[in-house]
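Pasting run18.cif here (mmCIF, C-alpha atoms, pLDDT in the B column; chains and numbers go by the auth columns):
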data_final
#
loop_
_atom_site.group_PDB
_atom_site.id
_atom_site.type_symbol
_atom_site.label_atom_id
_atom_site.label_comp_id
_atom_site.label_asym_id
_atom_site.label_seq_id
_atom_site.Cartn_x
_atom_site.Cartn_y
_atom_site.Cartn_z
_atom_site.B_iso_or_equiv
_atom_site.auth_seq_id
_atom_site.auth_asym_id
ATOM 1 C CA MET A 1 -6.586 5.836 -13.360 91.00 1161 A
ATOM 2 C CA LEU A 2 -6.021 2.687 -11.317 93.00 1162 A
ATOM 3 C CA ILE A 3 -2.915 0.635 -12.109 95.00 1163 A
ATOM 4 C CA ALA A 4 -2.042 -2.776 -10.657 96.00 1164 A
ATOM 5 C CA THR A 5 1.553 -4.007 -10.733 95.00 1165 A
ATOM 6 C CA ASN A 6 3.115 -7.142 -9.326 94.00 1166 A
ATOM 7 C CA SER A 7 6.712 -8.001 -8.469 92.00 1167 A
ATOM 8 C CA ARG A 8 7.137 -9.892 -11.745 90.00 1168 A
ATOM 9 C CA GLY A 9 6.495 -6.687 -13.708 91.00 1169 A
ATOM 10 C CA HIS A 10 2.957 -7.532 -14.805 92.00 1170 A
ATOM 11 C CA VAL A 11 0.982 -4.271 -15.174 95.00 1171 A
ATOM 12 C CA LEU A 12 -2.783 -3.914 -15.537 95.00 1172 A
ATOM 13 C CA LYS A 13 -4.484 -0.605 -16.212 96.00 1173 A
ATOM 14 C CA ARG A 14 -7.986 -0.354 -14.752 95.00 1174 A
ATOM 15 C CA PRO A 15 -7.920 -3.883 -13.276 95.00 1175 A
ATOM 16 C CA SER A 16 -11.227 -5.634 -12.633 96.00 1176 A
ATOM 17 C CA LYS A 17 -12.156 -7.111 -9.247 95.00 1177 A
ATOM 18 C CA PRO A 18 -11.466 -10.664 -10.510 96.00 1178 A
ATOM 19 C CA ALA A 19 -8.049 -9.572 -11.851 96.00 1179 A
ATOM 20 C CA ILE A 20 -7.116 -8.049 -8.489 96.00 1180 A
ATOM 21 C CA GLY A 21 -8.192 -11.265 -6.751 96.00 1181 A
ATOM 22 C CA THR A 22 -6.135 -13.354 -9.147 96.00 1182 A
ATOM 23 C CA MET A 23 -3.049 -11.178 -8.672 96.00 1183 A
ATOM 24 C CA LEU A 24 -3.374 -11.525 -4.899 97.00 1184 A
ATOM 25 C CA ALA A 25 -3.998 -15.280 -5.030 96.00 1185 A
ATOM 26 C CA ASN A 26 -0.949 -15.777 -7.266 95.00 1186 A
ATOM 27 C CA LEU A 27 1.483 -14.105 -4.877 96.00 1187 A
ATOM 28 C CA GLN A 28 4.257 -16.443 -3.845 95.00 1188 A
ATOM 29 C CA SER A 29 6.507 -16.044 -0.845 95.00 1189 A
ATOM 30 C CA GLY A 30 8.404 -12.762 -1.185 95.00 1190 A
ATOM 31 C CA ASP A 31 6.143 -11.388 -3.956 96.00 1191 A
ATOM 32 C CA HIS A 32 4.234 -8.126 -3.783 97.00 1192 A
ATOM 33 C CA MET A 33 1.561 -6.238 -5.664 97.00 1193 A
ATOM 34 C CA ILE A 34 0.658 -2.553 -5.765 97.00 1194 A
ATOM 35 C CA LEU A 35 -2.595 -0.802 -6.605 97.00 1195 A
ATOM 36 C CA GLU A 36 -1.944 2.835 -7.436 95.00 1196 A
ATOM 37 C CA ARG A 37 -4.248 5.718 -8.215 90.00 1197 A
ATOM 38 C CA GLN A 38 -2.780 8.048 -10.801 86.00 1198 A
ATOM 39 C CA ASP A 39 -4.559 11.343 -11.288 78.00 1199 A
ATOM 40 C CA GLU A 40 -2.984 14.387 -12.930 71.00 1200 A
ATOM 41 C CA ASN A 41 -5.221 16.636 -10.820 75.00 1201 A
ATOM 42 C CA ARG A 42 -4.155 15.102 -7.512 70.00 1202 A
ATOM 43 C CA ALA A 43 -0.657 15.670 -6.156 72.00 1203 A
ATOM 44 C CA GLY A 44 1.239 12.923 -4.362 76.00 1204 A
ATOM 45 C CA HIS A 45 1.330 9.152 -4.438 84.00 1205 A
ATOM 46 C CA TRP A 46 -1.823 7.225 -3.514 87.00 1206 A
ATOM 47 C CA TYR A 47 -1.441 3.468 -3.295 92.00 1207 A
ATOM 48 C CA VAL A 48 -2.010 0.292 -1.364 96.00 1208 A
ATOM 49 C CA GLN A 49 0.437 -2.590 -1.565 96.00 1209 A
ATOM 50 C CA VAL A 50 0.655 -6.165 -0.347 97.00 1210 A
ATOM 51 C CA TRP A 51 3.762 -8.188 0.317 97.00 1211 A
ATOM 52 C CA PHE A 52 3.362 -11.942 0.877 97.00 1212 A
ATOM 53 C CA ARG A 53 6.046 -12.529 3.461 95.00 1213 A
ATOM 54 C CA ASP A 54 8.161 -15.644 3.897 93.00 1214 A
ATOM 55 C CA ASN A 55 6.261 -16.503 7.110 94.00 1215 A
ATOM 56 C CA ASN A 56 2.950 -16.774 5.170 93.00 1216 A
ATOM 57 C CA THR A 57 1.601 -13.456 6.415 96.00 1217 A
ATOM 58 C CA TYR A 58 0.414 -10.555 4.314 97.00 1218 A
ATOM 59 C CA GLN A 59 1.979 -7.172 4.954 97.00 1219 A
ATOM 60 C CA LEU A 60 -0.488 -4.529 3.842 97.00 1220 A
ATOM 61 C CA GLU A 61 0.628 -0.910 3.434 94.00 1221 A
ATOM 62 C CA TYR A 62 -0.905 2.260 2.120 94.00 1222 A
ATOM 63 C CA ARG A 63 0.207 5.800 1.387 91.00 1223 A
ATOM 64 C CA ASP A 64 -2.160 8.743 1.385 87.00 1224 A
ATOM 65 C CA GLY A 65 -0.402 11.212 -0.861 81.00 1225 A
ATOM 66 C CA VAL A 66 2.769 12.018 1.058 84.00 1226 A
ATOM 67 C CA PRO A 67 5.546 9.942 2.660 83.00 1227 A
ATOM 68 C CA ALA A 68 4.516 10.959 6.195 86.00 1228 A
ATOM 69 C CA GLU A 69 1.100 9.333 5.610 87.00 1229 A
ATOM 70 C CA HIS A 70 2.364 5.777 5.123 89.00 1230 A
ATOM 71 C CA TYR A 71 0.926 2.946 7.250 94.00 1231 A
ATOM 72 C CA GLN A 72 1.451 -0.784 7.657 96.00 1232 A
ATOM 73 C CA THR A 73 -0.292 -3.821 9.128 96.00 1233 A
ATOM 74 C CA GLN A 74 -0.017 -7.604 8.902 96.00 1234 A
ATOM 75 C CA THR A 75 -2.533 -10.419 8.732 96.00 1235 A
ATOM 76 C CA VAL A 76 -2.687 -14.092 7.849 96.00 1236 A
ATOM 77 C CA SER A 77 -6.039 -13.650 6.096 96.00 1237 A
ATOM 78 C CA GLN A 78 -5.953 -13.419 2.325 96.00 1238 A
ATOM 79 C CA ASP A 79 -9.721 -12.795 2.411 96.00 1239 A
ATOM 80 C CA LYS A 80 -9.310 -9.720 4.630 96.00 1240 A
ATOM 81 C CA VAL A 81 -6.563 -8.395 2.357 97.00 1241 A
ATOM 82 C CA LEU A 82 -8.672 -8.914 -0.759 97.00 1242 A
ATOM 83 C CA GLN A 83 -11.654 -7.149 0.794 96.00 1243 A
ATOM 84 C CA ALA A 84 -9.435 -4.250 1.868 96.00 1244 A
ATOM 85 C CA LEU A 85 -7.993 -3.959 -1.662 97.00 1245 A
ATOM 86 C CA LEU A 86 -11.423 -4.031 -3.306 96.00 1246 A
ATOM 87 C CA ASP A 87 -12.834 -1.509 -0.832 96.00 1247 A
ATOM 88 C CA TRP A 88 -9.814 0.767 -1.391 95.00 1248 A
ATOM 89 C CA VAL A 89 -10.383 0.559 -5.156 95.00 1249 A
ATOM 90 C CA ALA A 90 -14.073 1.407 -4.658 94.00 1250 A
ATOM 91 C CA ASP A 91 -13.060 4.321 -2.391 90.00 1251 A
ATOM 92 C CA GLU A 92 -15.047 2.852 0.492 91.00 1252 A
ATOM 93 C CA ARG A 93 -14.308 4.749 3.683 84.00 1253 A
ATOM 94 C CA ALA A 94 -14.206 1.715 5.968 89.00 1254 A
ATOM 95 C CA TRP A 95 -11.567 -0.289 4.083 92.00 1255 A
ATOM 96 C CA ARG A 96 -9.001 0.170 6.901 92.00 1256 A
ATOM 97 C CA GLU A 97 -11.258 -1.330 9.579 91.00 1257 A
ATOM 98 C CA GLY A 98 -10.407 -4.711 11.023 89.00 1258 A
ATOM 99 C CA PHE A 99 -6.657 -4.006 11.084 95.00 1259 A
ATOM 100 C CA THR A 100 -4.274 -2.419 13.561 94.00 1260 A
ATOM 101 C CA TRP A 101 -2.243 0.110 11.586 95.00 1261 A
ATOM 102 C CA THR A 102 1.234 1.386 12.433 93.00 1262 A
ATOM 103 C CA SER A 103 2.536 4.652 11.034 90.00 1263 A
ATOM 104 C CA ILE A 104 5.802 4.108 9.161 87.00 1264 A
ATOM 105 C CA GLY A 105 5.924 7.520 7.519 79.00 1265 A
ATOM 106 C CA HIS A 106 9.086 8.390 9.422 73.00 1266 A
ATOM 107 C CA TRP A 107 10.892 5.717 7.380 73.00 1267 A
ATOM 108 C CA PHE A 108 10.264 7.769 4.231 68.00 1268 A
ATOM 109 C CA THR A 109 10.522 11.307 5.573 63.00 1269 A
ATOM 110 C CA PRO A 110 13.984 12.863 5.819 61.00 1270 A
ATOM 111 C CA GLU A 111 15.106 14.077 9.216 60.00 1271 A
ATOM 112 C CA PRO A 112 15.245 17.862 9.505 61.00 1272 A
ATOM 113 C CA GLU A 113 18.742 19.207 9.257 62.00 1273 A
ATOM 114 C CA VAL A 114 20.180 20.509 12.518 61.00 1274 A
ATOM 115 C CA GLU A 115 21.895 23.839 12.157 63.00 1275 A
ATOM 116 C CA ASP A 116 25.291 24.256 13.745 61.00 1276 A
ATOM 117 C CA ASP A 117 25.276 26.279 16.942 56.00 1277 A
ATOM 118 C CA PRO A 118 26.484 29.752 15.877 56.00 1278 A
ATOM 119 C CA THR A 119 27.703 30.471 19.417 58.00 1279 A
ATOM 120 C CA ALA A 120 30.084 27.515 19.501 52.00 1280 A
#

Whole structure, structure tokens version:
Amino acid sequence: MLIATNSRGHVLKRPSKPAIGTMLANLQSGDHMILERQDENRAGHWYVQVWFRDNNTYQLEYRDGVPAEHYQTQTVSQDKVLQALLDWVADERAWREGFTWTSIGHWFTPEPEVEDDPTA
């Protein structure tokens, strides 16, 4: 099931394309919205989120199941963000195109513990 949530706590289950567009258009500086796929038969967290930053850019992020697969990009184009969101919802393969993505999975993945040197 697809769930849309914004930073004001508004939740929509199975949001329509117009509803997603309205949620995006209504973002104010510092606001965010998340589109999440919830499926009992699929492990992990699958979502795309948008944060409308104070400098009037859109920070777009997505996670493909696990923390290590978390990516981020920025754009000034609300139209590009909306198309990416709608393509992600439709499970279109090319939704990531047109952006330069940076892996930020290391921010969410704990560092491996270093064992003490037993010879010390």

>> For this structure, which residues satisfy the selection - the PyMOL selection byres ((chain A and resi 1205-1216) around 7) - when it is evaluated on the file as given? I want them as a PyMOL selection string.
In response: chain A and resi 1187-1197+1204+1217-1226+1236

> If we count only C-alpha atoms, what is near region 1174-1180 of chain A at a cut-off of 9 Å, once residues fewer than 5 positions away on the same chain are taken out, given as a ChimeraX atom specification?
Replying inline: /A:1161-1164,1185,1195,1242,1245-1246,1249

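Nearest to Ser1237 (chain A) of all the residues A:Thr1165, A:Leu1172, A:Ala1203, A:Leu1184 is A:Leu1184, based on all atoms listed in the file.
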
>> What would the selection look like, as a PyMOL selection string, if the PyMOL selection byres ((chain A and resi 1253-1263) around 7) were run on the coordinates I just shared?
In response: chain A and resi 1230-1233+1244+1247-1248+1251-1252+1264-1265

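Counting all atoms listed in the file and comparing A:Asn1201, A:Met1183, A:Trp1267, A:Ala1228, the residue that lies closest to Val1171 (chain A) is A:Met1183.
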
Padded axis-aligned box of region 1209-1228 of chain A (3 Å per side), centre and edge lengths, Å, one decimal, as JSON:
{"center_x": 3.0, "center_y": -2.4, "center_z": 2.8, "size_x": 16.3, "size_y": 34.8, "size_z": 14.7}

>> Rounded to one decimal, what separation in Å do you get between CA of Val1241 (chain A) and CA of Glu1200 (chain A)?
In response: 27.7 Å

>> Just to confirm, what's the straight-line distance from CA of Ser1167 (chain A) to CA of Gly1181 (chain A) in Å (one decimal)?
In response: 15.4 Å

> By how many Å are CA of Thr1235 (chain A) and CA of Thr1182 (chain A) apart?
Replying inline: 18.5 Å

Taking N, CA and C atoms as the atom set, what does region 1231-1257 of chain A look like once completed, written as a PDB file, in the coordinates of the input?
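The result, stored in out-v1.pdb:
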ATOM      1  N   TYR A1231       1.328   3.813   6.146  1.00 94.00           N
ATOM      2  CA  TYR A1231       0.926   2.946   7.250  1.00 94.00           C
ATOM      3  C   TYR A1231       1.084   1.483   6.857  1.00 94.00           C
ATOM      4  N   GLN A1232       1.189   0.633   7.884  1.00 96.00           N
ATOM      5  CA  GLN A1232       1.451  -0.784   7.657  1.00 96.00           C
ATOM      6  C   GLN A1232       0.690  -1.634   8.678  1.00 96.00           C
ATOM      7  N   THR A1233       0.294  -2.824   8.246  1.00 96.00           N
ATOM      8  CA  THR A1233      -0.292  -3.821   9.128  1.00 96.00           C
ATOM      9  C   THR A1233       0.050  -5.205   8.589  1.00 96.00           C
ATOM     10  N   GLN A1234      -0.233  -6.231   9.363  1.00 96.00           N
ATOM     11  CA  GLN A1234      -0.017  -7.604   8.902  1.00 96.00           C
ATOM     12  C   GLN A1234      -1.213  -8.461   9.287  1.00 96.00           C
ATOM     13  N   THR A1235      -1.458  -9.474   8.483  1.00 96.00           N
ATOM     14  CA  THR A1235      -2.533 -10.419   8.732  1.00 96.00           C
ATOM     15  C   THR A1235      -2.195 -11.738   8.057  1.00 96.00           C
ATOM     16  N   VAL A1236      -2.832 -12.797   8.505  1.00 96.00           N
ATOM     17  CA  VAL A1236      -2.687 -14.092   7.849  1.00 96.00           C
ATOM     18  C   VAL A1236      -3.838 -14.339   6.882  1.00 96.00           C
ATOM     19  N   SER A1237      -4.818 -13.443   6.867  1.00 96.00           N
ATOM     20  CA  SER A1237      -6.039 -13.650   6.096  1.00 96.00           C
ATOM     21  C   SER A1237      -5.984 -13.033   4.698  1.00 96.00           C
ATOM     22  N   GLN A1238      -5.894 -13.900   3.705  1.00 96.00           N
ATOM     23  CA  GLN A1238      -5.953 -13.419   2.325  1.00 96.00           C
ATOM     24  C   GLN A1238      -7.318 -12.797   2.036  1.00 96.00           C
ATOM     25  N   ASP A1239      -8.376 -13.340   2.627  1.00 96.00           N
ATOM     26  CA  ASP A1239      -9.721 -12.795   2.411  1.00 96.00           C
ATOM     27  C   ASP A1239      -9.833 -11.355   2.914  1.00 96.00           C
ATOM     28  N   LYS A1240      -9.273 -11.088   4.097  1.00 96.00           N
ATOM     29  CA  LYS A1240      -9.310  -9.720   4.630  1.00 96.00           C
ATOM     30  C   LYS A1240      -8.518  -8.764   3.743  1.00 96.00           C
ATOM     31  N   VAL A1241      -7.382  -9.228   3.241  1.00 97.00           N
ATOM     32  CA  VAL A1241      -6.563  -8.395   2.357  1.00 97.00           C
ATOM     33  C   VAL A1241      -7.325  -8.106   1.068  1.00 97.00           C
ATOM     34  N   LEU A1242      -7.926  -9.117   0.478  1.00 97.00           N
ATOM     35  CA  LEU A1242      -8.672  -8.914  -0.759  1.00 97.00           C
ATOM     36  C   LEU A1242      -9.811  -7.929  -0.539  1.00 97.00           C
ATOM     37  N   GLN A1243     -10.553  -8.077   0.541  1.00 96.00           N
ATOM     38  CA  GLN A1243     -11.654  -7.149   0.794  1.00 96.00           C
ATOM     39  C   GLN A1243     -11.139  -5.731   0.978  1.00 96.00           C
ATOM     40  N   ALA A1244     -10.026  -5.578   1.685  1.00 96.00           N
ATOM     41  CA  ALA A1244      -9.435  -4.250   1.868  1.00 96.00           C
ATOM     42  C   ALA A1244      -9.033  -3.650   0.522  1.00 96.00           C
ATOM     43  N   LEU A1245      -8.399  -4.448  -0.342  1.00 97.00           N
ATOM     44  CA  LEU A1245      -7.993  -3.959  -1.662  1.00 97.00           C
ATOM     45  C   LEU A1245      -9.208  -3.518  -2.484  1.00 97.00           C
ATOM     46  N   LEU A1246     -10.234  -4.355  -2.507  1.00 96.00           N
ATOM     47  CA  LEU A1246     -11.423  -4.031  -3.306  1.00 96.00           C
ATOM     48  C   LEU A1246     -12.149  -2.811  -2.749  1.00 96.00           C
ATOM     49  N   ASP A1247     -12.204  -2.690  -1.434  1.00 96.00           N
ATOM     50  CA  ASP A1247     -12.834  -1.509  -0.832  1.00 96.00           C
ATOM     51  C   ASP A1247     -12.006  -0.254  -1.098  1.00 96.00           C
ATOM     52  N   TRP A1248     -10.676  -0.374  -1.088  1.00 95.00           N
ATOM     53  CA  TRP A1248      -9.814   0.767  -1.391  1.00 95.00           C
ATOM     54  C   TRP A1248     -10.055   1.213  -2.829  1.00 95.00           C
ATOM     55  N   VAL A1249     -10.132   0.256  -3.746  1.00 95.00           N
ATOM     56  CA  VAL A1249     -10.383   0.559  -5.156  1.00 95.00           C
ATOM     57  C   VAL A1249     -11.723   1.279  -5.313  1.00 95.00           C
ATOM     58  N   ALA A1250     -12.732   0.819  -4.571  1.00 94.00           N
ATOM     59  CA  ALA A1250     -14.073   1.407  -4.658  1.00 94.00           C
ATOM     60  C   ALA A1250     -14.189   2.703  -3.858  1.00 94.00           C
ATOM     61  N   ASP A1251     -13.099   3.111  -3.203  1.00 90.00           N
ATOM     62  CA  ASP A1251     -13.060   4.321  -2.391  1.00 90.00           C
ATOM     63  C   ASP A1251     -14.049   4.261  -1.228  1.00 90.00           C
ATOM     64  N   GLU A1252     -14.201   3.047  -0.687  1.00 91.00           N
ATOM     65  CA  GLU A1252     -15.047   2.852   0.492  1.00 91.00           C
ATOM     66  C   GLU A1252     -14.295   3.365   1.716  1.00 91.00           C
ATOM     67  N   ARG A1253     -14.956   4.122   2.531  1.00 84.00           N
ATOM     68  CA  ARG A1253     -14.308   4.749   3.683  1.00 84.00           C
ATOM     69  C   ARG A1253     -13.826   3.748   4.733  1.00 84.00           C
ATOM     70  N   ALA A1254     -14.497   2.640   4.876  1.00 89.00           N
ATOM     71  CA  ALA A1254     -14.206   1.715   5.968  1.00 89.00           C
ATOM     72  C   ALA A1254     -13.174   0.641   5.611  1.00 89.00           C
ATOM     73  N   TRP A1255     -12.457   0.787   4.528  1.00 92.00           N
ATOM     74  CA  TRP A1255     -11.567  -0.289   4.083  1.00 92.00           C
ATOM     75  C   TRP A1255     -10.448  -0.594   5.090  1.00 92.00           C
ATOM     76  N   ARG A1256     -10.088   0.364   5.932  1.00 92.00           N
ATOM     77  CA  ARG A1256      -9.001   0.170   6.901  1.00 92.00           C
ATOM     78  C   ARG A1256      -9.436  -0.586   8.156  1.00 92.00           C
ATOM     79  N   GLU A1257     -10.746  -0.701   8.359  1.00 91.00           N
ATOM     80  CA  GLU A1257     -11.258  -1.330   9.579  1.00 91.00           C
ATOM     81  C   GLU A1257     -10.890  -2.811   9.627  1.00 91.00           C
TER      82      GLU A1257
END
